[in-house]
file final_23.csv (CSV, C-alpha atoms and all ligand atoms)
chain,number,residue,atom,x,y,z
A,527,MET,CA,-13.5,35.9,-12.2
A,528,ALA,CA,-11.0,35.8,-15.0
A,529,ASP,CA,-9.8,33.9,-18.0
A,530,VAL,CA,-6.3,32.2,-17.9
A,531,ASN,CA,-4.1,32.0,-20.9
A,532,LEU,CA,-1.1,29.7,-21.2
A,533,ARG,CA,1.1,30.6,-24.2
A,534,ASN,CA,3.8,28.1,-25.0
A,535,VAL,CA,4.7,27.7,-21.4
A,536,THR,CA,7.9,25.8,-20.6
A,537,LYS,CA,9.7,24.8,-17.4
A,538,SER,CA,13.2,23.6,-16.8
A,539,PHE,CA,14.7,22.4,-13.6
A,540,GLY,CA,18.4,23.1,-14.2
A,541,LYS,CA,19.1,21.7,-17.7
A,542,VAL,CA,16.1,19.3,-17.7
A,543,GLU,CA,13.0,20.6,-19.4
A,544,VAL,CA,9.9,19.0,-17.8
A,545,ILE,CA,7.2,21.2,-19.5
A,546,HIS,CA,7.7,21.4,-23.2
A,547,GLY,CA,5.5,24.2,-24.4
A,548,ILE,CA,1.8,24.1,-23.3
A,549,SER,CA,-0.8,26.5,-24.7
A,550,CYS,CA,-4.4,26.7,-23.6
A,551,ASP,CA,-7.0,29.4,-23.3
A,552,ILE,CA,-9.1,28.8,-20.2
A,553,ASP,CA,-12.4,30.7,-20.3
A,554,ASP,CA,-13.8,32.9,-17.6
A,555,GLY,CA,-15.8,30.6,-15.3
A,556,GLU,CA,-14.6,27.4,-16.9
A,557,PHE,CA,-13.7,24.3,-14.8
A,558,ILE,CA,-10.6,22.8,-16.5
A,559,VAL,CA,-9.0,19.6,-15.3
A,560,ILE,CA,-5.3,18.7,-15.9
A,561,LEU,CA,-5.1,14.9,-16.1
A,562,GLY,CA,-2.1,12.7,-16.5
A,563,PRO,CA,0.0,10.0,-14.9
A,564,SER,CA,2.4,10.7,-12.0
A,565,GLY,CA,5.4,12.8,-13.0
A,566,CYS,CA,4.0,14.2,-16.2
A,567,GLY,CA,4.2,17.8,-14.9
A,568,LYS,CA,0.6,18.5,-13.7
A,569,SER,CA,1.7,20.1,-10.4
A,570,THR,CA,4.5,22.0,-12.0
A,571,LEU,CA,2.1,23.6,-14.5
A,572,LEU,CA,-0.4,24.5,-11.8
A,573,ARG,CA,2.3,25.9,-9.6
A,574,MET,CA,3.5,28.1,-12.5
A,575,ILE,CA,-0.1,29.5,-12.8
A,576,ALA,CA,0.0,30.1,-9.0
A,577,GLY,CA,3.4,31.8,-9.1
A,578,LEU,CA,5.0,29.2,-6.8
A,579,GLU,CA,7.3,28.0,-9.7
A,580,LYS,CA,9.2,30.4,-12.0
A,581,ILE,CA,8.2,30.2,-15.6
A,582,THR,CA,11.1,29.3,-17.9
A,583,GLY,CA,9.6,30.3,-21.2
A,584,GLY,CA,6.3,31.5,-22.7
A,585,GLU,CA,3.6,33.5,-20.9
A,586,VAL,CA,0.9,33.0,-18.3
A,587,ALA,CA,-1.8,35.6,-18.3
A,588,ILE,CA,-4.7,36.0,-15.7
A,589,ASP,CA,-7.5,38.3,-16.6
A,590,GLY,CA,-5.6,39.7,-19.5
A,591,ARG,CA,-2.5,40.6,-17.5
A,592,VAL,CA,0.8,38.7,-18.0
A,593,VAL,CA,1.8,37.5,-14.6
A,594,ASN,CA,5.2,35.9,-15.3
A,595,ALA,CA,6.9,38.5,-13.0
A,596,ILE,CA,4.1,38.9,-10.5
A,597,GLU,CA,4.3,37.5,-7.0
A,598,PRO,CA,1.9,34.7,-6.0
A,599,ALA,CA,0.1,37.0,-3.5
A,600,GLU,CA,-0.5,39.6,-6.2
A,601,ARG,CA,-2.0,37.1,-8.7
A,602,ASP,CA,-5.4,36.9,-7.0
A,603,VAL,CA,-5.5,33.1,-7.1
A,604,ALA,CA,-6.2,30.6,-4.3
A,605,MET,CA,-4.8,27.1,-4.2
A,606,VAL,CA,-6.1,24.0,-2.4
A,607,PHE,CA,-3.4,21.3,-1.9
A,608,GLN,CA,-3.5,17.6,-1.3
A,609,ASN,CA,-2.1,18.2,2.2
A,610,TYR,CA,-4.4,21.0,3.3
A,611,ALA,CA,-2.7,21.5,6.7
A,612,LEU,CA,-5.2,23.4,8.9
A,613,TYR,CA,-3.9,25.2,12.0
A,614,PRO,CA,-4.7,22.6,14.8
A,615,HIS,CA,-5.0,25.1,17.6
A,616,MET,CA,-7.4,27.4,15.8
A,617,ASN,CA,-11.1,26.7,15.4
A,618,VAL,CA,-12.8,26.5,12.0
A,619,PHE,CA,-13.8,30.2,12.0
A,620,ASN,CA,-10.2,31.3,12.7
A,621,ASN,CA,-8.7,28.8,10.2
A,622,MET,CA,-10.8,30.5,7.6
A,623,ALA,CA,-10.3,34.0,8.9
A,624,TYR,CA,-6.5,33.8,9.4
A,625,GLY,CA,-5.4,34.7,5.9
A,626,LEU,CA,-7.7,37.7,5.8
A,627,LYS,CA,-6.6,38.9,9.2
A,628,ILE,CA,-2.9,38.9,8.2
A,629,ARG,CA,-3.9,41.0,5.2
A,630,GLY,CA,-5.3,43.5,7.6
A,631,MET,CA,-9.0,43.2,6.5
A,632,ALA,CA,-11.6,44.9,8.7
A,633,LYS,CA,-13.2,42.6,11.3
A,634,GLU,CA,-16.7,43.0,10.0
A,635,GLU,CA,-15.8,42.1,6.5
A,636,ILE,CA,-13.9,39.0,7.6
A,637,LYS,CA,-16.9,37.9,9.6
A,638,ARG,CA,-19.2,38.5,6.6
A,639,ARG,CA,-17.0,36.4,4.3
A,640,VAL,CA,-16.4,33.5,6.7
A,641,LEU,CA,-20.1,33.2,7.6
A,642,HIS,CA,-20.9,33.3,3.9
A,643,ALA,CA,-18.4,30.6,3.0
A,644,ALA,CA,-19.4,28.5,6.0
A,645,GLY,CA,-23.0,28.7,4.8
A,646,ILE,CA,-22.1,27.5,1.3
A,647,LEU,CA,-20.0,24.7,2.6
A,648,GLU,CA,-22.5,23.7,5.4
A,649,LEU,CA,-19.9,24.3,8.1
A,650,THR,CA,-21.9,26.9,10.1
A,651,GLU,CA,-22.5,24.5,13.0
A,652,PHE,CA,-18.8,23.6,13.2
A,653,LEU,CA,-17.3,27.1,13.4
A,654,GLU,CA,-16.2,26.7,17.0
A,655,ARG,CA,-14.7,23.2,16.6
A,656,LYS,CA,-11.0,22.5,16.2
A,657,PRO,CA,-9.8,20.5,13.2
A,658,ARG,CA,-9.3,17.3,15.2
A,659,GLN,CA,-13.0,17.3,16.0
A,660,LEU,CA,-13.9,17.1,12.3
A,661,SER,CA,-14.1,14.3,9.8
A,662,GLY,CA,-11.8,14.2,6.8
A,663,GLY,CA,-14.4,15.6,4.5
A,664,GLN,CA,-15.3,18.4,6.8
A,665,ARG,CA,-11.6,19.4,7.1
A,666,GLN,CA,-11.3,19.4,3.4
A,667,ARG,CA,-14.3,21.7,3.2
A,668,VAL,CA,-12.5,24.1,5.7
A,669,ALA,CA,-9.5,24.1,3.4
A,670,MET,CA,-11.8,25.1,0.6
A,671,GLY,CA,-13.4,27.7,2.8
A,672,ARG,CA,-10.0,29.3,3.4
A,673,CYS,CA,-9.8,29.8,-0.4
A,674,ILE,CA,-13.4,31.0,-0.9
A,675,VAL,CA,-13.1,33.8,1.7
A,676,ARG,CA,-10.4,35.3,-0.3
A,677,GLU,CA,-12.8,35.8,-3.2
A,678,PRO,CA,-10.1,35.0,-5.7
A,679,LYS,CA,-10.2,35.3,-9.5
A,680,VAL,CA,-9.1,31.8,-10.0
A,681,PHE,CA,-9.2,28.6,-7.9
A,682,LEU,CA,-6.3,26.1,-8.3
A,683,PHE,CA,-6.7,22.6,-6.9
A,684,ASP,CA,-3.8,20.1,-6.7
A,685,GLU,CA,-5.3,16.6,-6.0
A,686,PRO,CA,-7.4,17.9,-3.1
A,687,LEU,CA,-9.3,14.6,-2.6
A,688,SER,CA,-6.5,12.1,-2.7
A,689,ASN,CA,-6.2,11.8,1.1
A,690,LEU,CA,-9.9,10.8,1.4
A,691,ASP,CA,-11.4,7.4,1.2
A,692,ALA,CA,-13.3,6.3,-1.9
A,693,LYS,CA,-16.8,7.1,-0.6
A,694,LEU,CA,-15.9,10.5,0.6
A,695,ARG,CA,-14.1,11.3,-2.6
A,696,VAL,CA,-17.3,10.7,-4.6
A,697,GLN,CA,-19.2,13.0,-2.1
A,698,MET,CA,-16.6,15.7,-2.2
A,699,ARG,CA,-16.4,15.5,-6.0
A,700,LEU,CA,-20.1,16.4,-6.2
A,701,GLU,CA,-19.7,19.2,-3.6
A,702,ILE,CA,-16.8,20.7,-5.6
A,703,ARG,CA,-18.9,20.6,-8.7
A,704,LYS,CA,-21.9,22.2,-6.9
A,705,LEU,CA,-19.6,24.9,-5.4
A,706,HIS,CA,-18.4,25.7,-8.9
A,707,GLU,CA,-21.9,26.0,-10.2
A,708,ASN,CA,-22.8,28.4,-7.4
A,709,LEU,CA,-19.7,30.6,-7.5
A,710,GLY,CA,-18.7,30.3,-11.1
A,711,ILE,CA,-15.0,31.0,-10.4
A,712,THR,CA,-12.5,29.9,-13.0
A,713,SER,CA,-11.0,26.7,-11.7
A,714,VAL,CA,-7.9,24.6,-12.7
A,715,TYR,CA,-8.0,21.2,-11.0
A,716,VAL,CA,-5.1,18.7,-11.1
A,717,THR,CA,-5.8,14.9,-10.8
A,718,HIS,CA,-4.5,11.6,-12.0
A,719,ASP,CA,-8.0,10.1,-11.4
A,720,GLN,CA,-9.8,9.8,-14.7
A,721,VAL,CA,-13.3,9.5,-13.1
A,722,GLU,CA,-12.7,12.7,-11.2
A,723,ALA,CA,-11.6,14.4,-14.4
A,724,MET,CA,-14.5,13.1,-16.5
A,725,THR,CA,-17.1,14.2,-13.9
A,726,LEU,CA,-15.7,17.6,-12.9
A,727,GLY,CA,-14.2,19.1,-16.0
A,728,ASP,CA,-15.9,21.3,-18.6
A,729,ARG,CA,-12.7,20.4,-20.5
A,730,LEU,CA,-9.6,18.3,-19.8
A,731,ILE,CA,-6.0,18.9,-20.6
A,732,VAL,CA,-4.6,15.4,-20.9
A,733,MET,CA,-0.8,15.5,-20.2
A,734,ASP,CA,1.9,13.0,-21.1
A,735,ASP,CA,5.5,13.6,-20.3
A,736,GLY,CA,5.3,17.4,-20.1
A,737,ARG,CA,3.1,17.9,-23.1
A,738,ALA,CA,-0.6,18.6,-23.5
A,739,VAL,CA,-1.6,15.7,-25.8
A,740,GLN,CA,-5.3,16.5,-26.0
A,741,ILE,CA,-7.5,19.4,-24.9
A,742,GLY,CA,-11.2,18.8,-25.1
A,743,SER,CA,-14.5,18.0,-23.4
A,744,PRO,CA,-14.6,14.8,-21.4
A,745,LEU,CA,-16.8,13.2,-24.1
A,746,GLU,CA,-14.5,14.3,-26.9
A,747,VAL,CA,-11.5,12.8,-25.2
A,748,TYR,CA,-13.4,9.6,-24.5
A,749,SER,CA,-14.9,9.1,-27.9
A,750,ARG,CA,-12.1,10.5,-30.1
A,751,PRO,CA,-8.8,10.1,-28.2
A,752,SER,CA,-6.1,11.9,-30.2
A,753,THR,CA,-3.4,9.3,-29.4
A,754,ARG,CA,-3.1,5.7,-28.2
A,755,PHE,CA,-1.8,7.1,-24.9
A,756,VAL,CA,-5.0,9.1,-24.3
A,757,ALA,CA,-7.1,6.2,-25.4
A,758,GLY,CA,-5.5,3.9,-22.9
A,759,PHE,CA,-5.5,6.4,-20.1
A,760,ILE,CA,-9.2,7.2,-20.2
A,761,GLY,CA,-11.7,4.5,-19.6
A,762,SER,CA,-11.8,1.6,-17.2
A,763,PRO,CA,-11.1,-1.2,-17.9
A,764,ALA,CA,-8.6,0.2,-20.4
A,765,MET,CA,-9.2,0.1,-24.2
A,766,ASN,CA,-8.2,-3.1,-25.9
A,767,PHE,CA,-5.4,-2.7,-28.5
A,768,LEU,CA,-4.9,-5.2,-31.3
A,769,LYS,CA,-2.3,-5.4,-34.0
A,770,ALA,CA,-4.2,-4.9,-37.3
A,771,ARG,CA,-3.8,-4.2,-41.0
A,772,VAL,CA,-6.0,-1.9,-43.1
A,773,SER,CA,-7.1,-3.5,-46.4
A,774,ALA,CA,-6.0,-2.1,-49.8
A,775,ASP,CA,-9.5,-0.7,-50.5
A,776,GLY,CA,-9.6,0.9,-47.0
A,777,ARG,CA,-13.0,-0.7,-46.2
A,778,GLN,CA,-11.9,-3.1,-43.5
A,779,VAL,CA,-9.3,-3.9,-41.0
A,780,ALA,CA,-7.8,-7.3,-40.4
A,781,ILE,CA,-6.5,-8.4,-37.0
A,782,ALA,CA,-3.6,-10.7,-36.9
A,783,ASN,CA,-5.5,-13.9,-37.3
A,784,ASP,CA,-7.3,-12.8,-40.4
A,785,ILE,CA,-10.5,-11.6,-38.8
A,786,HIS,CA,-11.9,-8.7,-40.8
A,787,LEU,CA,-13.9,-5.9,-39.3
A,788,PRO,CA,-15.6,-3.3,-41.6
A,789,LEU,CA,-14.5,0.3,-41.1
A,790,PRO,CA,-17.2,3.0,-40.9
A,791,GLY,CA,-16.1,4.6,-44.3
A,792,PRO,CA,-13.4,3.9,-46.7
A,793,ALA,CA,-10.1,4.9,-45.0
A,794,PRO,CA,-8.2,7.8,-46.8
A,795,SER,CA,-5.5,6.5,-49.1
A,796,ASP,CA,-2.6,7.2,-46.8
A,797,ILE,CA,-4.0,4.8,-44.3
A,798,ARG,CA,-4.7,1.9,-46.7
A,799,SER,CA,-2.5,-1.2,-46.9
A,800,ARG,CA,-0.7,-0.4,-43.7
A,801,GLU,CA,-0.2,-1.7,-40.2
A,802,ALA,CA,-2.3,0.0,-37.5
A,803,ILE,CA,-3.3,-0.5,-33.9
A,804,LEU,CA,-7.0,-1.2,-33.6
A,805,GLY,CA,-8.6,0.1,-30.4
A,806,ILE,CA,-11.9,-1.2,-29.0
A,807,ARG,CA,-13.3,-0.2,-25.6
A,808,PRO,CA,-14.5,-3.2,-23.4
A,809,GLU,CA,-17.9,-1.7,-23.1
A,810,HIS,CA,-18.5,-1.5,-26.8
A,811,PHE,CA,-18.7,-5.2,-27.5
A,812,GLU,CA,-22.1,-6.8,-27.9
A,813,VAL,CA,-22.8,-10.5,-27.6
A,814,VAL,CA,-24.8,-11.6,-30.7
A,815,ASP,CA,-26.3,-14.8,-32.1
A,816,ALA,CA,-24.2,-16.4,-34.8
A,817,GLY,CA,-24.8,-14.6,-38.0
A,818,GLY,CA,-23.7,-11.0,-37.8
A,819,VAL,CA,-20.6,-12.2,-36.0
A,820,MET,CA,-17.3,-10.4,-36.1
A,821,LEU,CA,-15.2,-11.9,-33.5
A,822,ASP,CA,-15.3,-15.3,-31.8
A,823,LEU,CA,-14.0,-15.0,-28.2
A,824,VAL,CA,-12.9,-18.0,-26.1
A,825,VAL,CA,-13.6,-17.1,-22.5
A,826,ASP,CA,-10.7,-17.4,-20.0
A,827,HIS,CA,-12.1,-15.8,-16.9
A,828,VAL,CA,-15.2,-14.0,-15.7
A,829,GLU,CA,-15.6,-11.3,-13.0
A,830,ILE,CA,-19.2,-10.6,-12.0
A,831,LEU,CA,-19.4,-7.1,-10.5
A,832,GLY,CA,-23.1,-7.0,-10.0
A,833,ALA,CA,-24.1,-4.2,-12.3
A,834,ASP,CA,-21.5,-5.4,-14.9
A,835,THR,CA,-19.6,-8.5,-15.8
A,836,LEU,CA,-16.0,-8.3,-17.1
A,837,VAL,CA,-15.1,-11.1,-19.5
A,838,TYR,CA,-11.4,-11.9,-20.3
A,839,GLY,CA,-10.7,-14.0,-23.3
A,840,ARG,CA,-8.9,-14.6,-26.6
A,841,VAL,CA,-9.8,-14.2,-30.2
A,842,GLY,CA,-8.5,-16.2,-33.1
A,843,ASP,CA,-5.4,-18.3,-33.6
A,844,ALA,CA,-3.1,-15.5,-32.7
A,845,ALA,CA,-4.8,-15.6,-29.3
A,846,ALA,CA,-5.0,-11.8,-29.0
A,847,GLU,CA,-6.3,-11.0,-25.6
A,848,LEU,CA,-9.5,-9.0,-25.0
A,849,THR,CA,-11.4,-7.6,-22.1
A,850,ILE,CA,-15.1,-7.0,-22.6
A,851,ARG,CA,-17.6,-5.4,-20.3
A,852,LEU,CA,-21.3,-6.4,-20.4
A,853,PRO,CA,-24.1,-4.9,-18.5
A,854,ASP,CA,-25.7,-7.2,-15.9
A,855,VAL,CA,-24.7,-10.6,-14.6
A,856,HIS,CA,-23.3,-13.3,-17.0
A,857,ASP,CA,-21.9,-16.5,-15.7
A,858,PHE,CA,-20.0,-17.8,-18.7
A,859,LYS,CA,-17.9,-20.8,-18.2
A,860,ALA,CA,-14.1,-20.8,-19.0
A,861,SER,CA,-13.5,-21.9,-22.6
A,862,ALA,CA,-17.0,-21.1,-23.6
A,863,GLY,CA,-17.3,-19.5,-27.0
A,864,LEU,CA,-18.9,-16.0,-27.4
A,865,SER,CA,-19.8,-14.3,-30.7
A,866,LEU,CA,-19.2,-10.6,-30.5
A,867,ALA,CA,-20.0,-7.6,-32.6
A,868,VAL,CA,-18.8,-4.0,-32.4
A,869,PRO,CA,-20.5,-1.1,-34.0
A,870,THR,CA,-18.2,0.2,-36.7
A,871,GLY,CA,-18.3,3.8,-35.3
A,872,ARG,CA,-16.7,2.4,-32.1
A,873,LEU,CA,-13.5,1.3,-33.8
A,874,HIS,CA,-10.3,3.4,-33.3
A,875,LEU,CA,-7.1,3.2,-35.3
A,876,PHE,CA,-3.7,4.4,-34.1
A,877,ASP,CA,-0.3,4.7,-35.8
A,878,PRO,CA,1.8,1.8,-34.6
A,879,HIS,CA,4.9,4.0,-34.4
A,880,ASP,CA,4.0,7.4,-32.9
A,881,GLY,CA,0.5,6.4,-31.6
A,882,ARG,CA,-1.4,9.3,-33.2
A,883,ARG,CA,-5.0,8.7,-34.1
A,884,LEU,CA,-5.7,7.7,-37.7
A,885,ASP,CA,-9.0,9.1,-38.9
A,886,VAL,CA,-11.1,6.8,-41.0
A,901,LIG,N1,12.0,21.1,-7.8
A,901,LIG,C1,12.3,20.2,-8.7
A,901,LIG,N2,13.5,20.0,-9.2
A,901,LIG,C2,13.8,19.1,-10.2
A,901,LIG,N3,12.8,18.4,-10.8
A,901,LIG,C3,11.6,18.6,-10.4
A,901,LIG,C4,11.2,19.5,-9.4
A,901,LIG,N4,9.8,19.5,-9.2
A,901,LIG,C5,9.4,18.5,-10.1
A,901,LIG,N5,10.4,18.0,-10.8
A,901,LIG,C6,10.3,17.0,-11.9
A,901,LIG,O1,9.4,17.5,-12.8
A,901,LIG,C7,8.5,16.5,-13.3
A,901,LIG,C8,7.1,16.8,-13.1
A,901,LIG,O2,6.8,16.8,-11.8
A,901,LIG,P1,5.3,17.2,-11.2
A,901,LIG,O3,5.4,17.2,-9.7
A,901,LIG,O4,4.8,18.4,-11.9
A,901,LIG,O5,4.5,15.9,-11.7
A,901,LIG,P2,3.0,15.5,-11.4
A,901,LIG,O6,2.4,15.3,-12.7
A,901,LIG,O7,2.4,16.5,-10.5
A,901,LIG,O8,3.1,14.1,-10.6
A,901,LIG,P3,2.2,13.5,-9.4
A,901,LIG,O9,1.0,13.0,-10.0
A,901,LIG,O10,3.1,12.4,-8.9
A,901,LIG,O11,2.0,14.6,-8.4
A,901,LIG,C9,9.0,15.2,-12.6
A,901,LIG,O12,9.8,14.5,-13.4
A,901,LIG,C10,9.7,15.7,-11.4
A,901,LIG,O13,10.7,14.8,-11.0
A,902,MG,MG,1.6,16.5,-8.5
call {"tool": "encode", "arguments": {"input": "final_23.csv", "output": "structure tokens", "more": "lines below"}}
Ligand SMILES: Nc1ncnc2c1ncn2[C@@H]1O[C@H](COP(=O)(O)OP(=O)(O)OP(=O)(O)O)[C@@H](O)[C@H]1O
Ligand SMILES: [Mg+2]
result
Amino acid sequence: MADVNLRNVTKSFGKVEVIHGISCDIDDGEFIVILGPSGCGKSTLLRMIAGLEKITGGEVAIDGRVVNAIEPAERDVAMVFQNYALYPHMNVFNNMAYGLKIRGMAKEEIKRRVLHAAGILELTEFLERKPRQLSGGQRQRVAMGRCIVREPKVFLFDEPLSNLDAKLRVQMRLEIRKLHENLGITSVYVTHDQVEAMTLGDRLIVMDDGRAVQIGSPLEVYSRPSTRFVAGFIGSPAMNFLKARVSADGRQVAIANDIHLPLPGPAPSDIRSREAILGIRPEHFEVVDAGGVMLDLVVDHVEILGADTLVYGRVGDAAAELTIRLPDVHDFKASAGLSLAVPTGRLHLFDPHDGRRLDV
């Protein structure tokens, strides 16, 4: 086990810089998830930790040792890829044992490690089978077994579940979490799936275009997103964004059509009398009886999902569009009117120009 330190890490391919200086101290035994859209640099960052990609600037340290110039095989890390190609002609035992054999490890030790990993992964009864005789989830577990037998200091995962169907992904997600709880090996896990990130990570590194825009626990990132990008990326359906203006006294925010929502506290002076983007998550609306009303929504369209209902509609004359999510089944008719309230602590404000969070 080991901690991993990224210190102002940069990466350029030719003249193009794709990672623009990322720093993060990953604790011993921590499960950290790198989350971000396609092309933002997740795999590149992971591959720099693995040693598969040269580090252009900054430092990567594993267990206190700077590894910039250390070969991948000497870094004591094990990586699980999206395409976890198993050797088709070898059975499960030999697929797991192969990496240890070529390192020249003693037969008895190899057997001990493979049987131990197979036990953890519930693969013991499949050790004689070839990969084609296994389900997708079982093959994925063999790929993880190959890493476990190496007893590495750090596990690196690059979207290991993206080839599996939705149900299996949920199951494997739980298994990876359980595995981590059992082994406690420092893990860095890349995904663009926010649910995977929220459920697996002790902390998330949210990346946008080669930068770490927020590093924090899943709940911190959900409840206090540091930028509009993070706010829109985490949560499903995505957060609603409305053009708004903060009042001169900083006590309320008006959305375009002159609807005023109270802010939790008076906003600091630099935020008063200015344009802002107001963010409200779909799940934070409540339908209320006329009275404590804040927004009047005209319903356009309703999707009943069983456990929840998604309501799409418009508020006010400016017809700002909103999505709201209500628990349970609601069969509202199109053009029905709903009175909505939002707890003040659930309002988010962002700078309209650079998207950073404005704290009120
Ligand atoms: N070998 C390379 N040569 C040049 N550019 C590269 C190379 N590898 C990656 N890039 C570029 O670096 C950027 C980051 O790529 P990377 O593969 O890290 O993204 P990612 O976040 O893992 O995306 P995805 O979710 O699609 O896997 C992209 O713009 C990509 O085109
Ligand atoms: Mg990738």
call {"tool": "residues_around", "arguments": {"input": "final_23.csv", "residues": "A:Ala770", "least_positions_apart": "6", "cutoff": "7 Å", "atoms": "all atoms listed in the file", "output": "tab-separated table (two decimals) with C-alpha atoms, keeping the file's coordinate frame"}}
result
chain	number	residue	atom	x	y	z
A	779	VAL	CA	-9.30	-3.90	-41.00
A	780	ALA	CA	-7.80	-7.30	-40.40
A	781	ILE	CA	-6.50	-8.40	-37.00
A	782	ALA	CA	-3.60	-10.70	-36.90
A	801	GLU	CA	-0.20	-1.70	-40.20
A	802	ALA	CA	-2.30	0.00	-37.50
A	803	ILE	CA	-3.30	-0.50	-33.90
A	804	LEU	CA	-7.00	-1.20	-33.60
call {"tool": "closest_residue", "arguments": {"input": "final_23.csv", "among": "A:His642, A:His856, A:Arg665, A:Ile596", "to": "A:Asn617", "atoms": "only C-alpha atoms"}}
result
A:Arg665
call {"tool": "residues_near_ligand", "arguments": {"input": "final_23.csv", "ligand": "ligand MG 902 (chain A)", "cutoff": "7 Å", "atoms": "only C-alpha atoms and all ligand atoms", "output": "ChimeraX atom specification"}}
result
/A:564-565,568-569,684
call {"tool": "write_last_selection", "arguments": {"input": "final_23.csv", "atoms": "C-alpha atoms", "output": "PDB file, keeping the file's coordinate frame"}}
result
ATOM      1  CA  SER A 564       2.400  10.700 -12.000  1.00  0.00           C
ATOM      2  CA  GLY A 565       5.400  12.800 -13.000  1.00  0.00           C
ATOM      3  CA  LYS A 568       0.600  18.500 -13.700  1.00  0.00           C
ATOM      4  CA  SER A 569       1.700  20.100 -10.400  1.00  0.00           C
ATOM      5  CA  ASP A 684      -3.800  20.100  -6.700  1.00  0.00           C
TER       6      ASP A 684
END
call {"tool": "residues_near_point", "arguments": {"input": "final_23.csv", "point": "(4.4, 18.7, -11.7)", "cutoff": "10 Å", "atoms": "all atoms listed in the file", "output": "MDAnalysis selection string"}}
result
chainID A and resid 537 544:545 564:574 579 684 716 736
call {"tool": "closest_residue", "arguments": {"input": "final_23.csv", "among": "A:Arg750, A:His874, A:Arg851, A:Lys679", "to": "A:Ile806", "atoms": "only C-alpha atoms"}}
result
A:His874
call {"tool": "residues_around", "arguments": {"input": "final_23.csv", "residues": "A:Gly583", "least_positions_apart": "3", "cutoff": "10 Å", "atoms": "all atoms listed in the file", "output": "VMD selection string"}}
result
chain A and resid 533 to 538 545 to 547 580 586 594
call {"tool": "atom_distance", "arguments": {"input": "final_23.csv", "atom1": "atom CA of A:Lys704", "atom2": "atom CA of A:Thr725"}}
result
11.7 Å
call {"tool": "residues_around", "arguments": {"input": "final_23.csv", "residues": "A:Arg771", "least_positions_apart": "4", "cutoff": "12 Å", "atoms": "only C-alpha atoms", "output": "mmCIF file with C-alpha atoms, in the coordinates of the input"}}
result
data_model
loop_
_atom_site.group_PDB
_atom_site.id
_atom_site.type_symbol
_atom_site.label_atom_id
_atom_site.label_comp_id
_atom_site.auth_asym_id
_atom_site.auth_seq_id
_atom_site.Cartn_x
_atom_site.Cartn_y
_atom_site.Cartn_z
ATOM 1 C CA ASP A 775 -9.500 -0.700 -50.500
ATOM 2 C CA GLY A 776 -9.600 0.900 -47.000
ATOM 3 C CA ARG A 777 -13.000 -0.700 -46.200
ATOM 4 C CA GLN A 778 -11.900 -3.100 -43.500
ATOM 5 C CA VAL A 779 -9.300 -3.900 -41.000
ATOM 6 C CA ALA A 780 -7.800 -7.300 -40.400
ATOM 7 C CA ILE A 781 -6.500 -8.400 -37.000
ATOM 8 C CA ALA A 782 -3.600 -10.700 -36.900
ATOM 9 C CA ASN A 783 -5.500 -13.900 -37.300
ATOM 10 C CA ASP A 784 -7.300 -12.800 -40.400
ATOM 11 C CA ILE A 785 -10.500 -11.600 -38.800
ATOM 12 C CA HIS A 786 -11.900 -8.700 -40.800
ATOM 13 C CA LEU A 787 -13.900 -5.900 -39.300
ATOM 14 C CA PRO A 788 -15.600 -3.300 -41.600
ATOM 15 C CA LEU A 789 -14.500 0.300 -41.100
ATOM 16 C CA ALA A 793 -10.100 4.900 -45.000
ATOM 17 C CA ILE A 797 -4.000 4.800 -44.300
ATOM 18 C CA ARG A 798 -4.700 1.900 -46.700
ATOM 19 C CA SER A 799 -2.500 -1.200 -46.900
ATOM 20 C CA ARG A 800 -0.700 -0.400 -43.700
ATOM 21 C CA GLU A 801 -0.200 -1.700 -40.200
ATOM 22 C CA ALA A 802 -2.300 0.000 -37.500
ATOM 23 C CA ILE A 803 -3.300 -0.500 -33.900
ATOM 24 C CA LEU A 804 -7.000 -1.200 -33.600
ATOM 25 C CA LEU A 875 -7.100 3.200 -35.300
ATOM 26 C CA PHE A 876 -3.700 4.400 -34.100
ATOM 27 C CA ASP A 877 -0.300 4.700 -35.800
ATOM 28 C CA PRO A 878 1.800 1.800 -34.600
#
call {"tool": "residues_around", "arguments": {"input": "final_23.csv", "residues": "A:Met724", "least_positions_apart": "3", "cutoff": "10 Å", "atoms": "all atoms listed in the file", "output": "list in words"}}
result
Val559, Leu561, Asp719, Gln720, Val721, Gly727, Asp728, Arg729, Leu730, Ser743, Pro744, Leu745, Val747, Tyr748, Ile760 and Gly761 of chain A
call {"tool": "write_last_selection", "arguments": {"input": "final_23.csv", "atoms": "C-alpha atoms", "output": "tab-separated table (two decimals), keeping the file's coordinate frame"}}
result
chain	number	residue	atom	x	y	z
A	559	VAL	CA	-9.00	19.60	-15.30
A	561	LEU	CA	-5.10	14.90	-16.10
A	719	ASP	CA	-8.00	10.10	-11.40
A	720	GLN	CA	-9.80	9.80	-14.70
A	721	VAL	CA	-13.30	9.50	-13.10
A	727	GLY	CA	-14.20	19.10	-16.00
A	728	ASP	CA	-15.90	21.30	-18.60
A	729	ARG	CA	-12.70	20.40	-20.50
A	730	LEU	CA	-9.60	18.30	-19.80
A	743	SER	CA	-14.50	18.00	-23.40
A	744	PRO	CA	-14.60	14.80	-21.40
A	745	LEU	CA	-16.80	13.20	-24.10
A	747	VAL	CA	-11.50	12.80	-25.20
A	748	TYR	CA	-13.40	9.60	-24.50
A	760	ILE	CA	-9.20	7.20	-20.20
A	761	GLY	CA	-11.70	4.50	-19.60
call {"tool": "atom_distance", "arguments": {"input": "final_23.csv", "atom1": "atom CA of A:Gly758", "atom2": "atom CA of A:Leu848"}}
result
13.7 Å
